[in-house]
2 protein chains.
Amino acid sequence: MEYKEYVERWGMQEITVHGPSDGNPFQDYRLSGTFSGRSETVQTEGFYDGDGMYKIRFLPSFEGEYRFQLQGNFTEANREGKFCVTAPGEGNHGPVRVANTYHFAYEDGTPYYPIGTTCYVWELQSDERILQTLESLREARFNKIRFCIFPKHYAYNLGEPRSYPYEGTPMDSSVLTDENFSQYTDKTEGNHWDFTRFNPKHFRHIENCIMELQKLGIEADIIVMHPYDRWGFSNMTKEQDDFCWNYVIARFAAFRNVWWSLANEYDLLKHKTIADWERFAQIICKKDPYSHLRSVHNCHPFYDYKRPWVTHCSIQRQELYQTAEYTDQWRKAFGKPVVLDEICYEGNIQYAWGNITAQEMVRRFWEAACRGGYPGHGETYLNADNVLWWSHGGKLRGESWERFGFLLDLLKETPGLGLAPYEKRWDCVCAVPEDEWRREVKSYYLIYYSFMQPSFREFYFDDETEFEIEVIDTWNMTIEKQGTGKGRFTVRLPGRQYMAVRLRTVKH
Amino acid sequence: MEYKEYVERWGMQEITVHGPSDGNPFQDYRLSGTFSGRSETVQTEGFYDGDGMYKIRFLPSFEGEYRFQLQGNFTEANREGKFCVTAPGEGNHGPVRVANTYHFAYEDGTPYYPIGTTCYVWELQSDERILQTLESLREARFNKIRFCIFPKHYAYNLGEPRSYPYEGTPMDSSVLTDENFSQYTDKTEGNHWDFTRFNPKHFRHIENCIMELQKLGIEADIIVMHPYDRWGFSNMTKEQDDFCWNYVIARFAAFRNVWWSLANEYDLLKHKTIADWERFAQIICKKDPYSHLRSVHNCHPFYDYKRPWVTHCSIQRQELYQTAEYTDQWRKAFGKPVVLDEICYEGNIQYAWGNITAQEMVRRFWEAACRGGYPGHGETYLNADNVLWWSHGGKLRGESWERFGFLLDLLKETPGLGLAPYEKRWDCVCAVPEDEWRREVKSYYLIYYSFMQPSFREFYFDDETEFEIEVIDTWNMTIEKQGTGKGRFTVRLPGRQYMAVRLRTVKH
């Protein structure tokens with residue numbers, strides 16, 4: 001059978017309806033639809049995209065024929081049709097889901113080990129800068145990026161964004177200086193916005209960026225709300241907030257690589273209460289038919305990650321010295337994947353959240369990974385262009401980013417899905433496959449020595465099992481095979497920091 | 001007036017009495033004495049030193065004429081005499097005392113900032129090795145050393161000591177290997193000792209070593225008991241223990257540079273209870289007329305440092321990652337000087353307690369010092385001679401030791417006595433003079449950036465006070481003057497780790 005339209009599984013089917021543009025179409029007109037295939041029926045909502053255009057989007061989870069039926073309160077809205085969903089294309093594994101309690105996998109079952117970075121408003125920079133960021137991302141091995149849909153007002157980031165989410169005019173930013181900017185944070189004076197009229201161009205542009213990330217195999221961990229605001233976007237009414245959430249979900253939910261981060265540093269948003277966050281979560285749960293991953297990121301106190309709607313922890317470090325080291329504790333406390341979205345940034349700015357070394361960043365990554373969690377990267381190096389990766393994207397200037405692909409490749413070799421911390425010794429971190437935790441002898445041990453610099457280590461598991469020995473230099477990214485060991489055996493190490501040992505049972 | 005004998009203040013007056021050598025002189029004969037000057041009368045006990053010689057020692061705390069009256073249960077014991085105490089010689093400041101709650105000073109009031117190291121049985125090695133250790137100590141700037149008076153049985157230290165504290169013969173150590181040694185720990189089989197007869201040669205030798213340290217201005221932090229034992233010395237009866245304590249105190253108390261460490265890793269001594277430690281403490285308090293500093297060192301749980309007899313905390317790190325960072329907490333908890341005698345050793349052996357880098361060791365020193373505490377050093381580098389500083393002394397092989405003199409010189413510039421942690425910012429460690437803690441504006445701030453690498457920092461105290469700015473590289477041991485600052489001012493930093501800033505008010 002022939003169809004007019006084909007879309008791949010976990011791709012996006014978008015239907016455009018031309019309709020009225022009188023009054024306030026964002027408020028006055030509604031478009032919704034039902035998409036039915038052999039294995040699912042999905043009800044979803046459309047949105048006004050400006051210029052008399054209404055759109056509705058659908059993310060099919062199965063192959064085969066789908067029929068759709070659209071409704072709305074304007075004549076052109078009521079239509080129906082069909083299309084065919086084909087097999088997913090190369091690199092399309094579906095949305096990321098929680099798997100094996102503490103881990104993630106794409107919907108097709110392929111394990112997904114998040115190696116994330118943060119570029120808060122990379123997509124609100126110039127076209128040239130955005131292309132540069134995408135080029136950097138192509139070269140790096142990140143598979144998740146956190147960014148905001150509202151513009152950001154913060155140190156090193158006082159400029160105007162390329163566009164605003166609403167119709168209107170912003171306050172005059174020429175008054176801002178590095179010294180006085182915080183006095184403008186959370187102020188609304190001087191801004192003129194119509195919070196009932198979105199700026200579709202702003203959102204279309206963000207969608208283009210989400211698609212570019214999708215092509216690179218990168219998950220878009222979208223931060224919807226944040227407190228770094230001088231425009232009043234963090235200080236809207238309940239109705240305005242909810243109106244925004246509905247619009248955002250209608251636009252973004254059908255992108256398979258979208259994650260919902262309700263907020264960055266939710267606890268710094270003074271005008272919001274826990275009841276607000278819970279209400280937003282309810283809206284997402286109700287309106288996102290695809291159950292994208294959901295979390296909310298802290299500054300000081302964690303959000304209650306035990307709430308049923310929270311799919312994973314999205315943690316910012318709570319103290320100066322340790323973060324990754326608490327991963328196992330947090331796994332136990334919350335029983336969900338532990339994603340450490342902010343563990344300080346590699347860089348040299350004045351603030352301690354942005355001035356750790358590349359070595360320490362890589363150490364925190366390994367420390368977290370070997371404890372069964374997922375750390376995140378960011379970069380804050382001062383430079384003449386005043387373009388800091390953490391905020392603007394651009395070029396990667398540090399030395400840690402190059403080393404995460406090596407870790408990712410090792411993580412992908414984990415038998416089953418995901419590593420679990422295993423406390424065999426007090427003076428190292430020992431990871432074993434999550435699925436083998438309860439077995440007496442495991443097939444796989446990944447042991448990390450962090451800042452310590454042993455010249456050798458001794459092992460004993462039992463008298464029979466033979467292990468293939470590999471000495472891993474996590475900084476220099478080398479793996480040295482060192483034969484096999486059985487019974488009591490010694491592994492020679494170089495007496496340097498940042499070493500790991502992998503032991504895998506020899507299959508006879 | 002002329003005297004036959006002169007001794008300097010805080011020097012040692014030793015009187016030898018020839019007496020009987022029949023029976024068991026250690027048990028059967030007693031010698032005691034009263035030493036009286038214008039400002040003190042001290043009662044103290046003598047000891048048997050072998051070959052029919054009895055000795056009694058006295059540490060005078062004042063200048064001027066002293067008379068003494070000896071008594072004992074043998075004829076020759078009963079004698080009297082006088083001597084003159086002169087002004088202290090160069091470098092003799094008296095015993096170290098607790099001062100200003102959290103700090104130390106010599107009895108003459110000179111501030112004492114402990115920069116300690118650990119060489120557990122350096123004094124039980126060959127003459128050649130001992131000379132080498134003293135040479136290393138002369139070159140380094142340590143002013144405290146921890147060591148044991150009983151021999152040590154432990155990894156990297158399975159050889160025989162140069163002598164034993166008792167008459168008798170030890171077990172055959174030729175059976176020991178790196179693998180099996182721990183099976184012999186705490187065993188008594190094969191040893192033959194007379195716990196009623198000390199080996200005076202053993203103690204005389206240690207005393208010579210204490211005197212050599214004294215000449216170098218180094219405090220002898222003497223560890224009396226420890227669990228690294230294959231000879232039964234950690235497994236004596238109550239009576240044998242007390243007999244030993246009395247002998248040790250009679251011999252060592254009159255050395256001005258002696259500190260009492262009741263034990264190393266007291267909690268690993270299985271045969272001792274808290275009641276035992278408290279009894280030993282009572283013996284020291286009663287029998288040491290000079291009130292030398294007293295503490296007890298932990299492996300896992302701390303001893304209760306709030307006990308009145310404990311003069312200062314003697315802490316071993318309780319976790320892998322942080323120790324120095326808890327200094328301020330422990331100051332608050334115990335209200336006494338916080339000495340961090342074991343914060344891991346610089347080295348590359350297999351155990352995490354002995355394989356941190358020089359950089360991390362120096363970082364821990366600064367971190368502790370700027371929090372108003374006193375860290376300790378040790379070295380455990382593998383080498384062909386199998387001579388590890390931490391156990392045997394010998395040569396210093398690391399890179400941290402060279403950097404402590406620089407810290408010591410800075411500490412000595414503290415106005416008043418001692419630094420206190422001052423929490424002005426969340427992302428650095430800021431020390432101020434203990435005496436200025438409550439002043440609104442201090443005359444002196446020492447700010448340490450630890451593993452962070454800021455390129456600059458901004459300061460504001462008030463509009464009037466002018467500060468002299470110094471940028472300190474704690475690793476490269478440089479101090480760069482950067483002019484003065486007033487009101488809001490910026491300090492340029494090199495974007496490297498291990499930097500500090502010192503701000504001192506300009507006196508007009």
# chains A, B, ... in the order shown; residues from 1 in each chain; ligands from 1
call {"tool": "residues_around", "arguments": {"residues": "Glu167 (chain A)", "least_positions_apart": "6", "cutoff": "12 Å", "atoms": "only C-alpha atoms", "output": "JSON, numbers by chain"}}
result
{"A": [24, 26, 50, 191, 192, 193, 194, 195, 196, 197, 198, 199, 200, 201, 202]}
call {"tool": "interface_residues", "arguments": {"of": "chain A", "to": "chain B", "cutoff": "6 Å", "atoms": "only C-alpha atoms", "output": "PyMOL selection string"}}
result
chain A and resi 348-350+352+355-356+427+452-457+495
call {"tool": "residues_around", "arguments": {"residues": "region 370-380 of chain B", "least_positions_apart": "4", "cutoff": "6 Å", "atoms": "only C-alpha atoms", "output": "NGL selection string"}}
result
:B and (116-118 or 327-328 or 338-342 or 345-347 or 354 or 365-366 or 388-390 or 419-421 or 431)
call {"tool": "residues_around", "arguments": {"residues": "region 72-89 of chain A", "least_positions_apart": "5", "cutoff": "9 Å", "atoms": "only C-alpha atoms", "output": "MDAnalysis selection string"}}
result
chainID A and resid 2:11 13 17:20 28:33 35 54 60:67 94
call {"tool": "select_by_dssp", "arguments": {"residues": "region 225-378 of chain A", "states": "helix (DSSP H, G or I)", "output": "CSV table (one decimal) with C-alpha atoms, in the first residue's frame"}}
result
chain,number,residue,atom,x,y,z
A,238,LYS,CA,0.2,31.1,37.9
A,239,GLU,CA,-2.0,31.5,34.8
A,240,GLN,CA,0.9,32.9,32.7
A,241,ASP,CA,3.2,30.1,33.9
A,242,ASP,CA,0.7,27.3,33.0
A,243,PHE,CA,0.0,28.9,29.7
A,244,CYS,CA,3.7,28.8,29.0
A,245,TRP,CA,4.1,25.2,30.0
A,246,ASN,CA,1.2,24.1,27.8
A,247,TYR,CA,2.7,25.9,24.8
A,248,VAL,CA,6.2,24.5,25.4
A,249,ILE,CA,5.0,21.0,25.8
A,250,ALA,CA,2.8,21.2,22.7
A,251,ARG,CA,5.9,22.4,20.7
A,252,PHE,CA,8.7,20.3,22.1
A,266,TYR,CA,14.5,25.9,41.5
A,267,ASP,CA,15.2,27.0,45.1
A,268,LEU,CA,16.4,30.4,43.9
A,274,ILE,CA,6.8,23.5,45.9
A,275,ALA,CA,3.1,23.5,45.0
A,276,ASP,CA,3.9,25.4,41.8
A,277,TRP,CA,6.6,22.8,40.8
A,278,GLU,CA,4.2,20.0,41.6
A,279,ARG,CA,1.6,21.7,39.4
A,280,PHE,CA,4.0,22.1,36.5
A,281,ALA,CA,4.9,18.4,36.9
A,282,GLN,CA,1.3,17.5,36.7
A,283,ILE,CA,0.9,19.5,33.5
A,284,ILE,CA,3.9,17.7,32.0
A,285,CYS,CA,2.6,14.3,33.1
A,286,LYS,CA,-0.8,15.1,31.6
A,287,LYS,CA,0.2,16.8,28.4
A,324,ALA,CA,30.8,12.5,42.9
A,325,GLU,CA,31.8,10.7,46.1
A,326,TYR,CA,28.2,10.8,47.4
A,327,THR,CA,26.8,9.1,44.3
A,328,ASP,CA,26.2,5.7,45.9
A,329,GLN,CA,24.6,7.4,48.9
A,330,TRP,CA,22.1,9.2,46.6
A,331,ARG,CA,21.4,6.0,44.7
A,332,LYS,CA,20.3,4.5,47.9
A,333,ALA,CA,18.4,7.5,49.1
A,334,PHE,CA,16.4,8.0,46.0
A,352,ALA,CA,34.6,28.1,43.0
A,353,TRP,CA,31.8,26.7,41.0
A,354,GLY,CA,33.8,27.5,37.9
A,358,ALA,CA,40.7,19.4,34.0
A,359,GLN,CA,42.2,16.7,36.1
A,360,GLU,CA,39.8,17.2,38.9
A,361,MET,CA,36.9,17.3,36.4
A,362,VAL,CA,37.9,14.0,34.9
A,363,ARG,CA,38.4,12.6,38.4
A,364,ARG,CA,34.9,13.6,39.4
A,365,PHE,CA,33.6,11.9,36.2
A,366,TRP,CA,35.3,8.6,37.0
A,367,GLU,CA,34.5,8.8,40.6
A,368,ALA,CA,30.8,9.2,39.8
A,369,ALA,CA,30.8,6.7,37.0
call {"tool": "atom_distance", "arguments": {"atom1": "CA of Arg488 (chain A)", "atom2": "CA of Ser174 (chain B)"}}
result
22.3 Å
call {"tool": "closest_residue", "arguments": {"among": "B:His205, B:Arg397, B:His392, B:His93", "to": "Asp108 (chain B)", "atoms": "only C-alpha atoms"}}
result
B:His93
call {"tool": "residues_around", "arguments": {"residues": "Ile479 (chain B)", "least_positions_apart": "4", "cutoff": "12 Å", "atoms": "only C-alpha atoms", "output": "list of chain:residue names"}}
result
B:Phe406, B:Leu407, B:Asp409, B:Leu410, B:Ile469, B:Glu470, B:Val471, B:Ile472, B:Asp473, B:Thr474, B:Trp475, B:Leu493, B:Met499, B:Ala500, B:Val501, B:Arg502, B:Leu503
call {"tool": "write_last_selection", "arguments": {"atoms": "N, CA and C atoms", "output": "compact mmCIF listing (two decimals), in the first residue's frame"}}
result
# COMPACT_ATOMS: atom_id res chain seq x y z
N PHE B 406 58.22 27.20 54.45
CA PHE B 406 57.57 28.39 53.90
C PHE B 406 56.27 28.68 54.65
N LEU B 407 55.50 27.62 54.86
CA LEU B 407 54.25 27.76 55.63
C LEU B 407 54.56 28.18 57.07
N ASP B 409 57.11 29.80 58.25
CA ASP B 409 57.52 31.20 58.33
C ASP B 409 56.31 32.13 58.27
N LEU B 410 55.35 31.77 57.44
CA LEU B 410 54.13 32.58 57.36
C LEU B 410 53.34 32.50 58.66
N ILE B 469 48.49 43.99 49.71
CA ILE B 469 48.07 42.76 49.03
C ILE B 469 49.30 41.92 48.69
N GLU B 470 49.26 40.66 49.10
CA GLU B 470 50.33 39.72 48.72
C GLU B 470 49.71 38.47 48.12
N VAL B 471 50.22 38.04 46.99
CA VAL B 471 49.76 36.81 46.33
C VAL B 471 50.79 35.73 46.61
N ILE B 472 50.33 34.67 47.24
CA ILE B 472 51.23 33.62 47.71
C ILE B 472 51.04 32.36 46.89
N ASP B 473 52.12 31.85 46.33
CA ASP B 473 52.08 30.57 45.64
C ASP B 473 52.60 29.53 46.63
N THR B 474 51.71 28.75 47.18
CA THR B 474 52.10 27.85 48.28
C THR B 474 52.95 26.69 47.79
N TRP B 475 52.83 26.37 46.51
CA TRP B 475 53.64 25.28 45.95
C TRP B 475 55.02 25.76 45.53
N LEU B 493 45.19 36.81 40.09
CA LEU B 493 45.76 35.51 40.44
C LEU B 493 46.12 34.79 39.14
N MET B 499 47.01 28.53 45.42
CA MET B 499 47.35 29.93 45.64
C MET B 499 46.69 30.44 46.92
N ALA B 500 47.31 31.46 47.50
CA ALA B 500 46.73 32.11 48.67
C ALA B 500 46.91 33.62 48.51
N VAL B 501 46.12 34.35 49.25
CA VAL B 501 46.24 35.81 49.27
C VAL B 501 46.38 36.24 50.72
N ARG B 502 47.34 37.12 50.98
CA ARG B 502 47.43 37.69 52.32
C ARG B 502 47.14 39.18 52.24
N LEU B 503 46.24 39.61 53.10
CA LEU B 503 45.88 41.03 53.17
C LEU B 503 46.22 41.52 54.56
call {"tool": "closest_residue", "arguments": {"among": "B:Pro415, B:Gly168, B:Pro433, B:Gly91", "to": "Tyr106 (chain B)", "atoms": "only C-alpha atoms"}}
result
B:Gly91
call {"tool": "atom_distance", "arguments": {"atom1": "CA of Leu262 (chain B)", "atom2": "CA of Asn298 (chain B)"}}
result
10.5 Å
call {"tool": "select_by_dssp", "arguments": {"residues": "region 19-73 of chain A", "states": "strand (DSSP E or B)", "output": "list in words"}}
result
Leu31, Ser32, Gly33, Thr34, Phe35, Ser36, Thr41, Val42, Gln43, Thr44, Glu45, Phe47, Tyr48, Met53, Tyr54, Lys55, Ile56, Arg57, Phe58, Gly64, Glu65, Tyr66, Arg67, Phe68, Gln69, Leu70, Gln71 and Gly72 of chain A
call {"tool": "decode", "arguments": {"residues": "region 296-318 of chain A", "atoms": "C-alpha atoms", "output": "PDB file, in the first residue's frame"}}
result
ATOM      1  CA  VAL A 296      14.364  19.522  38.556  1.00  0.00           C
ATOM      2  CA  HIS A 297      17.789  20.908  39.426  1.00  0.00           C
ATOM      3  CA  ASN A 298      18.773  22.441  42.775  1.00  0.00           C
ATOM      4  CA  CYS A 299      21.076  25.148  43.994  1.00  0.00           C
ATOM      5  CA  HIS A 300      21.118  24.298  47.689  1.00  0.00           C
ATOM      6  CA  PRO A 301      18.488  21.813  48.905  1.00  0.00           C
ATOM      7  CA  PHE A 302      17.646  18.953  46.576  1.00  0.00           C
ATOM      8  CA  TYR A 303      14.153  18.716  45.244  1.00  0.00           C
ATOM      9  CA  ASP A 304      12.428  15.639  46.680  1.00  0.00           C
ATOM     10  CA  TYR A 305      13.606  13.200  44.037  1.00  0.00           C
ATOM     11  CA  LYS A 306      11.387  10.536  45.540  1.00  0.00           C
ATOM     12  CA  ARG A 307       8.303  12.220  44.067  1.00  0.00           C
ATOM     13  CA  PRO A 308       6.800   9.702  41.639  1.00  0.00           C
ATOM     14  CA  TRP A 309       6.918  12.048  38.656  1.00  0.00           C
ATOM     15  CA  VAL A 310      10.692  12.605  39.008  1.00  0.00           C
ATOM     16  CA  THR A 311      12.414  10.108  36.724  1.00  0.00           C
ATOM     17  CA  HIS A 312      15.998  10.797  37.824  1.00  0.00           C
ATOM     18  CA  CYS A 313      18.018  12.987  40.174  1.00  0.00           C
ATOM     19  CA  SER A 314      19.475  16.122  38.593  1.00  0.00           C
ATOM     20  CA  ILE A 315      21.992  17.152  41.189  1.00  0.00           C
ATOM     21  CA  GLN A 316      24.143  20.192  41.770  1.00  0.00           C
ATOM     22  CA  ARG A 317      26.989  19.742  44.222  1.00  0.00           C
ATOM     23  CA  GLN A 318      26.115  20.912  47.706  1.00  0.00           C
TER      24      GLN A 318
END
